Every structure is written in C-alpha cells, then in structure tokens.
$ cat data_32.cif   # mmCIF, C-alpha atoms and all ligand atoms
data_model
#
loop_
_atom_site.label_atom_id
_atom_site.label_comp_id
_atom_site.auth_asym_id
_atom_site.auth_seq_id
_atom_site.Cartn_x
_atom_site.Cartn_y
_atom_site.Cartn_z
CA MET F 152 -11.12 -0.99 -6.21
CA GLU F 153 -10.60 -3.79 -8.70
CA ALA F 154 -7.44 -3.75 -10.81
CA LYS F 155 -8.09 -5.19 -14.26
CA GLY F 156 -5.61 -6.91 -16.52
CA ILE F 157 -3.35 -8.47 -13.89
CA ARG F 158 -1.47 -11.56 -15.19
CA LYS F 159 -3.08 -14.85 -14.22
CA GLU F 160 0.25 -15.99 -12.72
CA ALA F 161 0.08 -13.14 -10.19
CA TYR F 162 -3.10 -14.62 -8.77
CA VAL F 163 -1.24 -17.78 -7.69
CA CYS F 164 1.27 -15.74 -5.72
CA ASP F 165 0.85 -14.94 -2.04
CA LYS F 166 -0.51 -11.40 -1.84
CA TYR F 167 2.01 -8.78 -0.77
CA VAL F 168 1.36 -7.38 2.70
CA ALA F 169 3.65 -4.57 3.81
CA GLY F 170 5.22 -5.09 7.23
CA LYS F 171 5.10 -2.38 9.86
CA SER F 172 7.93 0.13 9.80
CA THR F 173 9.86 0.91 12.97
CA ASP F 174 8.10 4.31 13.13
CA GLU F 175 4.69 2.66 12.86
CA VAL F 176 5.55 0.17 15.61
CA MET F 177 6.66 3.05 17.87
CA ALA F 178 3.49 5.04 17.15
CA ASP F 179 1.15 2.03 17.54
CA TYR F 180 2.64 0.89 20.84
CA GLY F 181 3.65 4.27 22.28
CA LEU F 182 7.34 3.31 22.31
CA LYS F 183 10.37 5.59 22.33
CA SER F 184 12.67 3.07 20.68
CA VAL F 185 12.50 -0.23 18.90
CA VAL F 186 15.06 -3.01 18.51
CA LYS F 187 14.57 -4.42 15.03
CA LEU F 188 15.69 -8.03 14.84
CA GLY F 189 13.18 -9.36 12.34
CA SER F 190 14.92 -8.98 8.96
CA ASN F 191 18.46 -10.28 9.49
CA GLU F 192 20.01 -6.88 8.98
CA ASN F 193 23.52 -6.06 10.14
CA MET F 194 23.20 -3.76 13.12
CA TYR F 195 26.92 -2.92 13.36
CA ALA F 196 26.95 -1.47 9.85
CA PRO F 197 27.19 0.82 7.96
CA TYR F 198 30.95 0.45 8.18
CA PRO F 199 33.25 3.50 7.98
CA GLU F 200 34.91 2.39 4.73
CA ALA F 201 31.49 2.03 3.08
CA LEU F 202 30.31 5.42 4.35
CA LYS F 203 33.46 7.12 3.11
CA ALA F 204 33.09 5.59 -0.36
CA MET F 205 29.41 6.52 -0.57
CA GLN F 206 30.07 10.09 0.50
CA SER F 207 32.59 10.60 -2.26
CA GLU F 208 30.19 9.02 -4.78
CA LEU F 209 27.28 11.31 -3.81
CA ASN F 210 28.11 14.07 -6.27
CA ARG F 211 27.78 11.58 -9.14
CA ILE F 212 24.32 10.39 -8.10
CA ASN F 213 22.75 12.15 -11.13
CA ILE F 214 24.66 9.81 -13.49
CA TYR F 215 23.80 6.16 -14.15
CA PRO F 216 26.53 3.83 -12.96
CA GLU F 217 28.87 2.59 -15.67
CA LYS F 218 27.08 -0.40 -17.04
CA ASN F 219 29.74 -3.07 -16.73
CA TYR F 220 30.48 -2.46 -13.05
CA VAL F 221 34.03 -3.49 -13.90
CA LYS F 222 35.73 -2.77 -10.60
CA LEU F 223 33.32 -4.68 -8.37
CA LYS F 224 33.08 -7.61 -10.78
CA GLU F 225 36.86 -7.86 -10.93
CA LEU F 226 37.16 -7.89 -7.15
CA ILE F 227 34.49 -10.58 -6.81
CA ALA F 228 36.01 -12.61 -9.64
CA GLU F 229 39.44 -12.43 -8.03
CA ASP F 230 38.05 -13.81 -4.77
CA TYR F 231 36.60 -16.81 -6.61
CA GLY F 232 39.58 -17.36 -8.90
CA VAL F 233 37.65 -16.64 -12.11
CA THR F 234 37.57 -13.77 -14.60
CA SER F 235 34.96 -11.01 -14.47
CA ASP F 236 32.84 -12.51 -17.29
CA TRP F 237 31.83 -15.20 -14.75
CA VAL F 238 30.23 -12.51 -12.54
CA SER F 239 27.14 -10.35 -12.76
CA LEU F 240 25.23 -8.09 -10.41
CA GLY F 241 21.72 -6.99 -9.48
CA HIS F 242 19.76 -4.83 -7.03
CA GLY F 243 20.35 -7.24 -4.16
CA ALA F 244 20.27 -11.01 -4.21
CA GLY F 245 16.47 -10.81 -4.42
CA ASN F 246 16.70 -9.12 -7.80
CA VAL F 247 19.42 -11.54 -8.95
CA LEU F 248 17.18 -14.49 -8.03
CA ASP F 249 14.33 -12.89 -9.94
CA GLU F 250 16.45 -12.38 -13.05
CA VAL F 251 17.67 -15.96 -12.87
CA ALA F 252 14.03 -17.10 -12.81
CA LYS F 253 13.38 -14.84 -15.82
CA THR F 254 16.38 -16.32 -17.65
CA LEU F 255 15.44 -19.94 -17.07
CA LEU F 256 11.77 -20.55 -16.39
CA GLU F 257 8.97 -21.10 -18.84
CA ASP F 258 5.46 -22.55 -18.58
CA GLY F 259 5.51 -26.17 -17.45
CA ASP F 260 8.96 -26.03 -15.86
CA GLU F 261 9.22 -27.35 -12.34
CA ILE F 262 11.20 -25.84 -9.53
CA ILE F 263 12.07 -27.61 -6.31
CA THR F 264 12.86 -25.93 -3.03
CA GLY F 265 12.71 -26.48 0.71
CA GLN F 266 9.22 -26.01 2.13
CA GLN F 267 10.69 -24.02 5.02
CA SER F 268 13.08 -21.85 3.11
CA TYR F 269 13.36 -18.35 1.63
CA LEU F 270 9.85 -17.73 0.31
CA LEU F 271 10.88 -15.52 -2.58
CA TYR F 272 11.96 -18.62 -4.56
CA GLN F 273 8.35 -19.74 -4.76
CA GLN F 274 6.96 -16.32 -5.67
CA ILE F 275 9.41 -15.58 -8.49
CA SER F 276 8.93 -19.07 -9.89
CA LYS F 277 5.14 -18.87 -9.87
CA ILE F 278 5.11 -15.53 -11.62
CA MET F 279 7.18 -17.06 -14.44
CA GLY F 280 4.64 -19.87 -14.82
CA GLY F 281 6.78 -22.43 -13.01
CA LYS F 282 5.28 -25.31 -11.03
CA VAL F 283 6.49 -25.18 -7.45
CA ILE F 284 7.43 -28.41 -5.67
CA THR F 285 8.45 -28.13 -2.04
CA VAL F 286 10.14 -30.73 0.11
CA PRO F 287 9.73 -30.57 3.90
CA LEU F 288 12.80 -30.11 6.08
CA ASN F 289 13.84 -32.97 8.34
CA GLU F 290 13.70 -33.05 12.14
CA GLN F 291 17.04 -31.28 12.35
CA TYR F 292 15.46 -28.45 10.32
CA THR F 293 17.75 -29.23 7.38
CA ILE F 294 16.82 -29.44 3.72
CA GLU F 295 16.63 -33.09 2.65
CA THR F 296 18.46 -33.36 -0.65
CA ASP F 297 17.35 -36.99 -1.09
CA LYS F 298 13.77 -35.74 -1.15
CA ILE F 299 14.77 -33.16 -3.77
CA ILE F 300 16.45 -35.84 -5.88
CA ALA F 301 13.33 -38.00 -5.60
CA GLU F 302 11.36 -35.21 -7.31
CA PHE F 303 13.68 -34.92 -10.33
CA ASN F 304 12.17 -35.51 -13.76
CA GLU F 305 12.43 -34.11 -17.29
CA HIS F 306 10.44 -30.99 -16.29
CA THR F 307 12.81 -30.01 -13.46
CA LYS F 308 14.44 -26.69 -14.31
CA ILE F 309 15.63 -25.10 -11.06
CA VAL F 310 16.54 -26.28 -7.59
CA TRP F 311 16.63 -23.25 -5.29
CA LEU F 312 18.96 -24.10 -2.42
CA CYS F 313 19.37 -21.71 0.46
CA ASN F 314 22.63 -22.53 2.23
CA PRO F 315 22.69 -21.63 5.13
CA ASN F 316 18.93 -21.92 5.10
CA ASN F 317 16.61 -19.07 6.01
CA PRO F 318 14.78 -19.36 8.48
CA THR F 319 16.47 -22.36 10.13
CA GLY F 320 20.18 -21.51 9.76
CA SER F 321 21.07 -25.12 8.86
CA VAL F 322 23.61 -26.04 6.16
CA ILE F 323 23.96 -28.72 3.53
CA ASP F 324 27.36 -30.35 3.89
CA LYS F 325 29.91 -31.09 1.15
CA THR F 326 29.03 -34.74 0.58
CA THR F 327 25.30 -34.11 0.40
CA PHE F 328 25.86 -31.21 -1.96
CA GLU F 329 28.01 -33.28 -4.29
CA LYS F 330 25.35 -35.97 -4.45
CA LEU F 331 22.74 -33.35 -5.36
CA VAL F 332 24.87 -31.80 -8.11
CA ASN F 333 25.66 -35.17 -9.62
CA ALA F 334 21.98 -36.15 -9.66
CA LEU F 335 20.83 -32.99 -11.51
CA PRO F 336 18.81 -33.73 -14.63
CA GLU F 337 20.42 -32.52 -17.87
CA ARG F 338 18.51 -29.26 -18.34
CA ALA F 339 18.21 -28.38 -14.66
CA TRP F 340 20.15 -25.73 -12.75
CA LEU F 341 21.09 -25.72 -9.10
CA VAL F 342 20.94 -22.18 -7.75
CA VAL F 343 22.76 -21.84 -4.45
CA ASP F 344 21.78 -18.78 -2.46
CA GLU F 345 24.62 -18.09 -0.03
CA ALA F 346 23.19 -14.87 1.42
CA TYR F 347 24.40 -15.90 4.89
CA ALA F 348 27.50 -17.90 4.00
CA ASP F 349 29.99 -15.40 5.43
CA PHE F 350 28.60 -16.10 8.92
CA ALA F 351 29.07 -19.85 8.52
CA ASP F 352 31.88 -22.17 9.45
CA GLN F 353 33.66 -22.11 6.06
CA GLU F 354 34.85 -25.70 6.47
CA ALA F 355 31.26 -26.88 6.67
CA LEU F 356 30.18 -25.28 3.40
CA PRO F 357 30.47 -26.93 0.00
CA ASN F 358 32.86 -25.21 -2.39
CA VAL F 359 30.20 -24.21 -4.90
CA ILE F 360 32.62 -22.44 -7.23
CA ASP F 361 34.51 -25.70 -7.89
CA TYR F 362 31.37 -27.20 -9.42
CA ILE F 363 30.74 -24.10 -11.52
CA LYS F 364 34.31 -24.22 -12.80
CA ALA F 365 33.91 -27.93 -13.53
CA GLY F 366 31.07 -27.09 -15.94
CA LYS F 367 28.13 -28.18 -13.77
CA GLN F 368 24.86 -26.27 -14.17
CA VAL F 369 25.33 -24.50 -10.85
CA ILE F 370 24.84 -20.81 -10.07
CA LEU F 371 26.11 -19.08 -6.94
CA ILE F 372 24.30 -16.06 -5.52
CA ARG F 373 25.61 -13.73 -2.83
CA THR F 374 24.48 -10.45 -1.30
CA PHE F 375 26.15 -7.41 0.24
CA SER F 376 23.04 -6.82 2.42
CA LYS F 377 24.00 -9.04 5.36
CA TYR F 378 27.69 -9.52 6.19
CA GLN F 379 28.64 -6.23 4.51
CA GLY F 380 25.58 -4.45 5.92
CA LEU F 381 24.34 -2.72 2.76
CA ALA F 382 20.65 -3.72 2.90
CA GLY F 383 19.61 -0.11 2.24
CA ALA F 384 21.76 0.16 -0.91
CA ARG F 385 21.24 -3.35 -2.17
CA ILE F 386 23.84 -5.12 -4.28
CA GLY F 387 23.63 -8.80 -5.10
CA CYS F 388 25.97 -10.85 -7.21
CA LEU F 389 25.97 -14.02 -9.23
CA VAL F 390 28.79 -16.30 -10.28
CA ALA F 391 28.18 -18.77 -13.10
CA ASN F 392 29.68 -19.89 -16.37
CA PRO F 393 30.17 -16.97 -18.80
CA GLU F 394 27.54 -18.18 -21.24
CA PHE F 395 24.87 -18.20 -18.55
CA VAL F 396 26.08 -14.82 -17.29
CA ASN F 397 25.63 -13.43 -20.80
CA TRP F 398 22.02 -14.72 -20.95
CA TYR F 399 21.40 -13.28 -17.48
CA ASP F 400 22.70 -9.89 -18.63
CA THR F 401 20.55 -10.15 -21.75
CA VAL F 402 17.28 -10.47 -19.81
CA SER F 403 18.22 -8.09 -16.97
CA GLU F 404 17.44 -4.40 -17.12
CA PRO F 405 20.40 -2.12 -17.79
CA PHE F 406 21.93 -0.34 -14.79
CA ASN F 407 20.65 -2.99 -12.37
CA ALA F 408 22.89 -1.80 -9.53
CA ASN F 409 23.02 1.56 -7.80
CA ARG F 410 25.98 3.91 -7.52
CA MET F 411 25.91 4.11 -3.71
CA GLY F 412 25.84 0.35 -3.25
CA LEU F 413 28.51 -0.21 -5.89
CA ALA F 414 30.89 2.31 -4.31
CA ALA F 415 30.36 0.84 -0.85
CA ALA F 416 30.66 -2.75 -2.04
CA VAL F 417 33.96 -2.00 -3.79
CA ALA F 418 35.29 -0.37 -0.61
CA LEU F 419 34.24 -3.38 1.44
CA MET F 420 36.01 -5.77 -0.93
CA GLU F 421 39.31 -3.91 -0.43
CA PRO F 422 41.53 -5.12 2.46
CA LYS F 423 40.54 -2.35 4.90
CA GLY F 424 36.83 -2.85 4.21
CA LYS F 425 37.15 -6.62 4.49
CA ALA F 426 38.80 -6.20 7.88
CA GLU F 427 35.89 -4.06 9.09
CA CYS F 428 33.35 -6.67 7.95
CA LYS F 429 35.34 -9.43 9.64
CA LYS F 430 35.72 -7.56 12.92
CA TYR F 431 31.95 -7.18 13.35
CA GLY F 432 31.08 -10.43 11.58
CA ASP F 433 33.14 -12.22 14.25
CA LEU F 434 31.22 -10.39 16.99
CA ILE F 435 27.93 -11.50 15.45
CA VAL F 436 29.09 -15.12 15.29
CA LYS F 437 30.27 -14.92 18.91
CA ASP F 438 26.96 -13.47 20.06
CA ARG F 439 25.08 -16.12 18.10
CA ALA F 440 26.69 -18.74 20.35
CA TRP F 441 26.04 -16.63 23.44
CA LEU F 442 22.37 -16.13 22.47
CA ASN F 443 22.05 -19.90 22.09
CA GLU F 444 23.33 -20.39 25.63
CA GLU F 445 21.12 -17.68 27.11
CA LEU F 446 18.01 -18.83 25.25
CA THR F 447 18.62 -22.37 26.45
CA LYS F 448 18.80 -21.06 30.03
CA LEU F 449 15.36 -19.49 29.46
CA GLY F 450 13.98 -22.91 28.51
CA CYS F 451 13.99 -22.31 24.75
CA VAL F 452 15.18 -24.93 22.28
CA CYS F 453 17.72 -23.62 19.74
CA SER F 454 18.83 -25.39 16.61
CA PRO F 455 22.38 -24.76 15.42
CA SER F 456 22.45 -21.78 13.07
CA GLN F 457 25.25 -20.86 10.70
CA ALA F 458 23.65 -17.53 9.78
CA ASN F 459 23.29 -14.13 11.47
CA PHE F 460 20.12 -15.25 13.21
CA VAL F 461 19.03 -17.79 15.78
CA PHE F 462 16.10 -20.16 15.22
CA PHE F 463 14.48 -21.34 18.43
CA SER F 464 11.23 -22.57 19.90
CA THR F 465 9.38 -21.78 23.11
CA PRO F 466 6.48 -23.69 24.66
CA TYR F 467 4.12 -20.96 23.40
CA LEU F 468 2.70 -19.89 20.07
CA ALA F 469 5.38 -17.85 18.31
CA SER F 470 2.82 -15.28 17.16
CA ASP F 471 1.84 -14.64 20.80
CA VAL F 472 5.47 -14.33 21.89
CA ALA F 473 6.25 -12.02 18.95
CA GLU F 474 3.24 -9.81 19.70
CA LEU F 475 4.29 -9.45 23.34
CA LEU F 476 7.83 -8.63 22.26
CA LEU F 477 6.49 -6.04 19.83
CA GLN F 478 4.61 -4.34 22.65
CA LYS F 479 7.92 -4.24 24.52
CA GLY F 480 9.74 -2.75 21.54
CA VAL F 481 11.48 -5.78 20.02
CA ILE F 482 10.72 -7.00 16.50
CA VAL F 483 11.38 -10.69 15.78
CA ARG F 484 10.10 -13.04 13.09
CA PRO F 485 7.56 -15.69 14.19
CA CYS F 486 7.88 -18.69 11.89
CA GLY F 487 4.25 -19.85 11.76
CA GLY F 488 4.12 -18.93 8.07
CA TRP F 489 6.60 -21.77 7.45
CA GLY F 490 4.50 -24.17 9.56
CA TYR F 491 6.75 -23.76 12.62
CA ASP F 492 4.10 -22.45 15.01
CA LYS F 493 6.34 -22.34 18.06
CA HIS F 494 9.53 -21.14 16.40
CA ILE F 495 10.99 -17.68 16.26
CA ARG F 496 13.81 -16.35 14.11
CA VAL F 497 15.73 -13.57 15.77
CA SER F 498 18.55 -11.71 14.06
CA VAL F 499 21.76 -11.30 16.00
CA GLY F 500 22.00 -7.57 16.65
CA THR F 501 24.60 -5.56 18.52
CA HIS F 502 25.46 -7.00 21.92
CA GLU F 503 23.35 -4.31 23.58
CA GLN F 504 20.35 -5.09 21.36
CA ASN F 505 20.76 -8.80 22.06
CA GLU F 506 20.70 -8.09 25.78
CA ILE F 507 17.49 -6.07 25.42
CA PHE F 508 15.94 -8.88 23.37
CA LEU F 509 16.79 -11.47 26.05
CA GLU F 510 15.46 -9.28 28.84
CA LYS F 511 12.17 -8.66 27.00
CA LEU F 512 11.83 -12.29 25.99
CA LYS F 513 12.29 -13.35 29.62
CA GLU F 514 9.48 -10.96 30.61
CA ALA F 515 7.24 -12.20 27.78
CA LEU F 516 7.76 -15.85 28.68
CA GLU F 517 7.02 -15.13 32.34
CA GLU F 518 3.78 -13.36 31.37
CA LEU F 519 2.74 -16.25 29.15
CA ALA F 520 3.47 -18.78 31.93
CA LYS F 521 0.98 -17.08 34.28
C1 LIG E 601 18.21 -16.31 1.77
C2 LIG E 601 18.09 -14.91 1.27
N1 LIG E 601 18.38 -14.65 0.00
C3 LIG E 601 18.31 -13.40 -0.50
C4 LIG E 601 17.89 -12.36 0.29
C5 LIG E 601 17.76 -11.00 -0.33
O1 LIG E 601 18.86 -10.23 -0.09
P1 LIG E 601 19.06 -8.84 -0.79
O2 LIG E 601 18.89 -7.79 0.25
O3 LIG E 601 20.44 -8.89 -1.33
O4 LIG E 601 18.05 -8.72 -1.89
C6 LIG E 601 17.57 -12.57 1.62
C7 LIG E 601 17.13 -11.46 2.48
O5 LIG E 601 16.72 -11.59 3.58
C8 LIG E 601 17.67 -13.88 2.13
O6 LIG E 601 17.33 -14.19 3.39
#
$ encode --input "data_32.cif" --output "structure tokens" --more "lines below"
Ligand SMILES: Cc1ncc(COP(=O)(O)O)c(C=O)c1O
Amino acid sequence: MEAKGIRKEAYVCDKYVAGKSTDEVMADYGLKSVVKLGSNENMYAPYPEALKAMQSELNRINIYPEKNYVKLKELIAEDYGVTSDWVSLGHGAGNVLDEVAKTLLEDGDEIITGQQSYLLYQQISKIMGGKVITVPLNEQYTIETDKIIAEFNEHTKIVWLCNPNNPTGSVIDKTTFEKLVNALPERAWLVVDEAYADFADQEALPNVIDYIKAGKQVILIRTFSKYQGLAGARIGCLVANPEFVNWYDTVSEPFNANRMGLAAAVALMEPKGKAECKKYGDLIVKDRAWLNEELTKLGCVCSPSQANFVFFSTPYLASDVAELLLQKGVIVRPCGGWGYDKHIRVSVGTHEQNEIFLEKLKEALEELAK
C-alpha cells in the first residue's frame, strides 16, 4: 500500500529493514540457542547494581522521570570536571545524535563523515536536509582527517567522528584530532561519538573535553548501552558548552530518558557500579586480544580494534560466512554494506560465547574451503 505525504527527505534515506530477532533466527534455522554477536551488546550485563536500582525504581514506572535528571547529570559532569549545565541526556546515543542534527542542520548544510562509519550519521543528516559528504577510510581502516579537512567550506556544519570507529574499531590519535579541531570552519561543529571509548586504551584517545572547555565547537557523545550494558534501557549523554546544551534541550522532547535506564545509569556511575563495569569491561578487552590471536590462527586477518568488537577478514565473501554462521546459531555482522565484502564485525561476548563463535567459524571456513 502506498503511504502518501511522506517528506521528500525521507526518500533519500536508506529504507529501514528490520533485522531478524533471536527468536526468528531460532525458528527459521531450527536452533535451540543462538549466540548474538552482531550488535555490539554487552553480554556480561545487566550488572547486579543496575538490576537492584531498576527493581527499586519499578514502582515509580507510572510517573515521568523528573525532567532535569539532576543526579545522573551531576555524576557525569563530575567525571568530566564540569558543572551539570554542560551535560544533557537522550534515549541512547542514537537519539542524542538525532537531536544534535535537529539542533544544527538546515537545508544546504554539509556534513562530513567516514564512509565506513556508523551509518546513522548519514540518515539523520539526510532527513534534516543536510548534504552528506563521506571520506573513505585508509588502508589501516582509519578515518583520514586530512581528507575531512580537504572537504571543509562555508557550508560545512557537522563533522560526525566515531572514535573508536564502528565497524573498524580504529581510533584517531591526539595529534590528528587536534589538527582537525583547529581546522574547523567557523560555523562548523565536530561531534565526537565515543560510544566505545571505555573499551579503548585511554592514553590513545584525544581528551575531547579539554577542547570543549577551551571553547571549541566540539560536542562529546557517550552511551550507557555498551560498557555499562544498558542497551535495552537506553541512555545516551552529551557534553558541550552550556549554551549549546540549552539549544539541544530546547529542540529535544521533554522526558527524553526513561526511569529504568536513569536509575541503572546512576547506580553504575557510583563506585560499586563502576567497579562492576570495569571488572567485565577488562574481561572483554582481554578476550578481544585473545580473539585476535585465535582468528589469526584460523587464517583470518584482524585489524587492531579499540572497541568491544573485532573487525576481521576471511578469504571468503562475508555474507556467505555470516549465513553459514547463522545456520550454526551465531549472529555476526558482515560488513559488505560498508564496501568491505570480506570483512566481518563480531562483538566480543562472554568467554563461552567467544569459544562457540570460534568453533563455528572454524567449521564454516572449512566448509567454504571444500
Ligand atoms: C558508534 C555508535 N554510536 C551510537 C550508537 C547508539 O547507541 P545507543 O544504544 O546509545 O543509542 C551505536 C550503537 O551501536 C554505535 O555503534
């Protein structure tokens, strides 16, 4: 059936196609269990401190959360050495990104992003009438900031920078970042999406907050979906100068965070909650290195990832490998949609899940070699 009256900007967006749920995969392939490593979720969570906080919040679920989310904002602000008027929230980083696009973009504005990066940046920019410019990643699968700078002009409004980058796991280092910030045109904003930053070597990452404090047009975005494991009760946050934060709050819907997520996020920002996140975060980082070694033994080529996933190639088409894995009950993300036909992104799960993934991948590669 035809739907009339859809905005013309929606027609330039890639059409939404729902992915298969775990239940559908089990039904379609006659499986009893599935290991889901396709969406970079945290398989050790939910953490006890988060569960406890959510349970005690349940009997207030009929009431909107208090609108200023004071407690969580204060805890985030404290971590960054700012006051809470530098912080705002949203329903996950995805929603925060969307509201940033709504705050900044108008017809004719240009956005620049990595061609092989988080695809939402392009969608939310197109829907706001922005012109999307993408720059290809280099041979190390890293975003080339010089190529971004080469695209700067008076129409540039946003640079969406995913650091560490999804799907490749690569990072932009401090020097490169500084060069990018200093080259920003006057009315342009650099939006740094650090969804995976907690899994990264902290020394390798630029200190984004320093540039925000120094008055640069830089916005930092974080999520509680990955390291804190709250993807099912999404909370995202933004740190920027208070004037921008006020504009962001002006265009955002009221109550743009949910009670369950807020309660859990607060608990995970307290010392006991932080310790839980670190304990399992460290295991994920350790297994990331181990997966690299094991994948290399299987003849795969891994590129160094600073996120909670591994990005690797096999000699075969990634879609074929992923389909075989699906039949064996393991969901991974083939990267053909980014132009990486032989690459797969696999989330680091629990150690047991990682072992199952390796065993099934070995089988799949052997079948494809026949
Ligand atoms: C780079 C990046 N940014 C943002 C998000 C969205 O996170 P959230 O669950 O907080 O909306 C994701 C989710 O996969 C992501 O990979």
$ atom_distance --input "data_32.cif" --atom1 "atom CA of F:Asn505" --atom2 "atom CA of F:Phe375"
22.5 Å
$ closest_residue --input "data_32.cif" --among "F:Pro393, F:Gly488, F:Pro455, F:Pro318" --to "F:Val238" --atoms "all atoms listed in the file"
F:Pro393
$ closest_atom_pairs --input "data_32.cif" --of "chain F" --to "ligand LIG 601 (chain E)" --cutoff "10 Å" --atoms "all atoms listed in the file" --output "Markdown table"
| residue | atom | partner | partner_atom | distance |
| --- | --- | --- | --- | --- |
| F:Gly189 | CA | E:LIG601 | O5 | 9.7 |
| F:Ser190 | CA | E:LIG601 | O5 | 6.2 |
| F:Asn191 | CA | E:LIG601 | O5 | 6.3 |
| F:Glu192 | CA | E:LIG601 | O5 | 7.9 |
| F:Gly241 | CA | E:LIG601 | O3 | 8.5 |
| F:His242 | CA | E:LIG601 | O4 | 6.7 |
| F:Gly243 | CA | E:LIG601 | O3 | 3.3 |
| F:Ala244 | CA | E:LIG601 | O3 | 3.6 |
| F:Gly245 | CA | E:LIG601 | O4 | 3.6 |
| F:Asn246 | CA | E:LIG601 | O4 | 6.1 |
| F:Val247 | CA | E:LIG601 | O4 | 7.7 |
| F:Leu248 | CA | E:LIG601 | C3 | 7.7 |
| F:Asp249 | CA | E:LIG601 | O4 | 9.8 |
| F:Ser268 | CA | E:LIG601 | C1 | 7.7 |
| F:Tyr269 | CA | E:LIG601 | C1 | 5.3 |
| F:Leu270 | CA | E:LIG601 | C1 | 8.6 |
| F:Leu271 | CA | E:LIG601 | N1 | 8.0 |
| F:Tyr272 | CA | E:LIG601 | N1 | 8.8 |
| F:Leu312 | CA | E:LIG601 | C1 | 8.9 |
| F:Cys313 | CA | E:LIG601 | C1 | 5.7 |
| F:Asn314 | CA | E:LIG601 | C1 | 7.6 |
| F:Pro315 | CA | E:LIG601 | C1 | 7.7 |
| F:Asn316 | CA | E:LIG601 | C1 | 6.6 |
| F:Asn317 | CA | E:LIG601 | C1 | 5.3 |
| F:Pro318 | CA | E:LIG601 | O6 | 7.7 |
| F:Gly320 | CA | E:LIG601 | C1 | 9.7 |
| F:Val343 | CA | E:LIG601 | C1 | 9.5 |
| F:Asp344 | CA | E:LIG601 | N1 | 5.9 |
| F:Glu345 | CA | E:LIG601 | C1 | 6.9 |
| F:Ala346 | CA | E:LIG601 | N1 | 5.0 |
| F:Tyr347 | CA | E:LIG601 | C1 | 6.9 |
| F:Ala348 | CA | E:LIG601 | C1 | 9.7 |
| F:Ile372 | CA | E:LIG601 | N1 | 8.2 |
| F:Arg373 | CA | E:LIG601 | O3 | 7.2 |
| F:Thr374 | CA | E:LIG601 | O3 | 4.3 |
| F:Phe375 | CA | E:LIG601 | O3 | 6.1 |
| F:Ser376 | CA | E:LIG601 | O2 | 4.8 |
| F:Lys377 | CA | E:LIG601 | O2 | 7.3 |
| F:Gly380 | CA | E:LIG601 | O2 | 9.4 |
| F:Leu381 | CA | E:LIG601 | O2 | 7.9 |
| F:Ala382 | CA | E:LIG601 | O2 | 5.2 |
| F:Gly383 | CA | E:LIG601 | O2 | 8.0 |
| F:Ala384 | CA | E:LIG601 | O2 | 8.5 |
| F:Arg385 | CA | E:LIG601 | O2 | 5.6 |
| F:Ile386 | CA | E:LIG601 | O3 | 5.9 |
| F:Gly387 | CA | E:LIG601 | O3 | 4.9 |
| F:Cys388 | CA | E:LIG601 | O3 | 8.3 |
| F:Ala458 | CA | E:LIG601 | O6 | 9.6 |
$ closest_residue --input "data_32.cif" --among "F:Cys428, F:Val483, F:Val233, F:Trp311" --to "F:Gln504" --atoms "all atoms listed in the file"
F:Val483
$ closest_residue --input "data_32.cif" --among "F:Ala469, F:Val286, F:Ile294, F:Val452" --to "F:Ile323" --atoms "all atoms listed in the file"
F:Ile294
$ closest_residue --input "data_32.cif" --among "F:Ala408, F:Val176, F:Val472, F:Ile275" --to "F:Leu223" --atoms "all atoms listed in the file"
F:Ala408
$ residues_around --input "data_32.cif" --residues "F:Cys451" --least-positions-apart "3" --cutoff "7 Å" --atoms "only C-alpha atoms" --output "PyMOL selection string"
chain F and resi 446-447+463-465
$ residues_around --input "data_32.cif" --residues "F:His306" --least-positions-apart "4" --cutoff "12 Å" --atoms "only C-alpha atoms" --output "PyMOL selection string"
chain F and resi 256-263+281-284+302+310+335-340
$ atom_distance --input "data_32.cif" --atom1 "atom CA of F:Thr307" --atom2 "atom CA of F:Gln368"
12.6 Å
$ closest_residue --input "data_32.cif" --among "F:Lys423, F:Lys330, F:His494, F:Lys430" --to "F:Tyr378" --atoms "only C-alpha atoms"
F:Lys430
